[in-house]
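Worksheet: one structure, shown below.
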Amino acid sequence: MPENPIDEGHPRTLAELMKLSDPAHVHWQADDLAAIMAHQLRASLVFDLSRCDHDVRERIHQALLEDGANLLTFGDLLHHPSPPADLLRLVKDFAKSRYQHPEEPLPPQVATLLYYAAIAAARLKLSERITDLADADFIPGLQWAVRQTWIDPPLRQMLGACLQAVQGRETK
């Protein structure tokens, strides 16, 4: 018998054993999601969003020059009373793109939350639609977002206020 049985393993079998699990199938704990979301809210807008193409970088800098001198982070943008719509669109697109790039280290739950938060901020604070998502499809996403125990209270409050506003329009 070999001293270390793993030395005798078939390379393909060993490669499968060593392969990291697919990030889309990782089951994150609420504490982990809270820490990742908190980190993302503190993350630099320019750094994360500028990893996109040159046109996107130009849009970011233009929006920051026009409206966002104090908008340094995702949290600054989402909690701003009147955030630039173009930056909210970029955050929405950034979050959506995380599904197209699963190698990125952002759990799908956090990306989904950012997606709905950007849309909600535009609807609630600017009365602007930045998505083609119908309200009937938007409401379940907001309901999901508000139920997440791992988001900070101000973000939950903003999402809840948007949910109430959108549901109020649905009943009229």
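Labeling convention for the structure tokens: chains A, B, ... as they appear, residues from 1 per chain, ligands from 1 in order of appearance.
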
| message | Report as a PyMOL selection string all protein, DNA and RNA residues lying within 10 Å of His79 (chain A), evaluated on only C-alpha atoms, omitting residues in the same chain fewer than 2 positions from it. | response | chain A and resi 41+71+73-77+81-83+117+121+125+154-155+158

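Closest approach to Ser44 (chain A) among A:Leu114, A:Ala165, A:Ala30, A:Leu72: A:Leu72, based on only C-alpha atoms.
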
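Closest to Thr131 (chain A) among A:Arg42, A:His27, A:Arg147, A:Arg89 is A:Arg89, based on only C-alpha atoms.
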
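When only C-alpha atoms are used to compute distances to Ile130 (chain A), the closest of the residues A:Lys92, A:Arg156, A:Arg98, A:Arg59 turns out to be A:Lys92.
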
| task | Skip Ile119 (chain A) itself and residues of its chain fewer than 3 positions away, then list as a PyMOL selection string all residues within 10 Å of it, counting only C-alpha atoms. | result | chain A and resi 78+85+88-89+91-92+114-116+122-124+128-131+133+138+142+159+162

Please, could you write that set of residues out with N, CA, C and O atoms as a short mmCIF file (atom, residue, chain, number, x, y, z; two decimals), in the first residue's frame?
```
data_model
loop_
_atom_site.label_atom_id
_atom_site.label_comp_id
_atom_site.auth_asym_id
_atom_site.auth_seq_id
_atom_site.Cartn_x
_atom_site.Cartn_y
_atom_site.Cartn_z
N LEU A 78 -26.79 54.84 -2.66
CA LEU A 78 -28.11 54.29 -2.34
C LEU A 78 -28.81 55.05 -1.23
O LEU A 78 -30.04 55.09 -1.19
N ALA A 85 -29.37 59.46 -11.46
CA ALA A 85 -30.02 58.31 -12.10
C ALA A 85 -29.03 57.49 -12.92
O ALA A 85 -29.12 56.25 -12.93
N LEU A 88 -27.21 55.14 -10.69
CA LEU A 88 -28.10 54.05 -10.26
C LEU A 88 -28.24 53.02 -11.38
O LEU A 88 -28.24 51.81 -11.12
N ARG A 89 -28.34 53.49 -12.62
CA ARG A 89 -28.39 52.55 -13.76
C ARG A 89 -27.12 51.71 -13.84
O ARG A 89 -27.17 50.52 -14.10
N VAL A 91 -25.12 50.93 -11.35
CA VAL A 91 -25.12 49.96 -10.26
C VAL A 91 -26.05 48.80 -10.59
O VAL A 91 -25.72 47.64 -10.37
N LYS A 92 -27.22 49.12 -11.13
CA LYS A 92 -28.16 48.07 -11.54
C LYS A 92 -27.50 47.14 -12.57
O LYS A 92 -27.55 45.92 -12.44
N LEU A 114 -28.44 44.45 -4.52
CA LEU A 114 -27.97 45.69 -5.15
C LEU A 114 -28.84 46.08 -6.34
O LEU A 114 -29.15 47.25 -6.55
N TYR A 115 -29.20 45.08 -7.12
CA TYR A 115 -30.04 45.29 -8.30
C TYR A 115 -31.37 45.95 -7.89
O TYR A 115 -31.74 47.00 -8.41
N TYR A 116 -32.06 45.32 -6.95
CA TYR A 116 -33.34 45.87 -6.52
C TYR A 116 -33.19 47.20 -5.79
O TYR A 116 -34.02 48.09 -5.92
N ALA A 122 -34.12 54.74 -7.46
CA ALA A 122 -34.55 55.58 -8.59
C ALA A 122 -36.06 55.82 -8.53
O ALA A 122 -36.53 56.95 -8.75
N ARG A 123 -36.83 54.77 -8.26
CA ARG A 123 -38.29 54.91 -8.20
C ARG A 123 -38.72 55.79 -7.04
O ARG A 123 -39.56 56.66 -7.19
N LEU A 124 -38.16 55.54 -5.86
CA LEU A 124 -38.61 56.23 -4.66
C LEU A 124 -38.09 57.66 -4.59
O LEU A 124 -38.84 58.58 -4.27
N GLU A 128 -38.33 57.83 -11.01
CA GLU A 128 -37.82 57.45 -12.33
C GLU A 128 -37.69 55.94 -12.42
O GLU A 128 -37.25 55.28 -11.49
N ARG A 129 -38.05 55.41 -13.57
CA ARG A 129 -37.91 53.99 -13.84
C ARG A 129 -36.58 53.78 -14.57
O ARG A 129 -36.34 54.39 -15.60
N ILE A 130 -35.75 52.89 -14.02
CA ILE A 130 -34.47 52.59 -14.69
C ILE A 130 -34.45 51.13 -15.14
O ILE A 130 -33.38 50.59 -15.40
N THR A 131 -35.62 50.54 -15.23
CA THR A 131 -35.74 49.16 -15.67
C THR A 131 -37.02 48.99 -16.47
O THR A 131 -37.95 49.78 -16.33
N LEU A 133 -38.64 46.28 -16.03
CA LEU A 133 -39.34 45.34 -15.17
C LEU A 133 -40.71 45.92 -14.80
O LEU A 133 -40.80 47.03 -14.28
N PHE A 138 -41.62 43.42 -10.24
CA PHE A 138 -40.75 44.16 -9.33
C PHE A 138 -41.15 43.91 -7.86
O PHE A 138 -40.30 43.76 -6.99
N LEU A 142 -38.88 43.11 -4.45
CA LEU A 142 -38.82 44.01 -3.29
C LEU A 142 -39.23 43.27 -2.01
O LEU A 142 -38.62 43.46 -0.96
N LEU A 159 -36.11 50.18 0.87
CA LEU A 159 -36.76 49.16 0.04
C LEU A 159 -38.22 48.99 0.45
O LEU A 159 -39.10 48.85 -0.41
N CYS A 162 -40.27 51.90 -0.86
CA CYS A 162 -40.51 51.73 -2.30
C CYS A 162 -41.58 50.67 -2.52
O CYS A 162 -42.48 50.85 -3.35
#
```
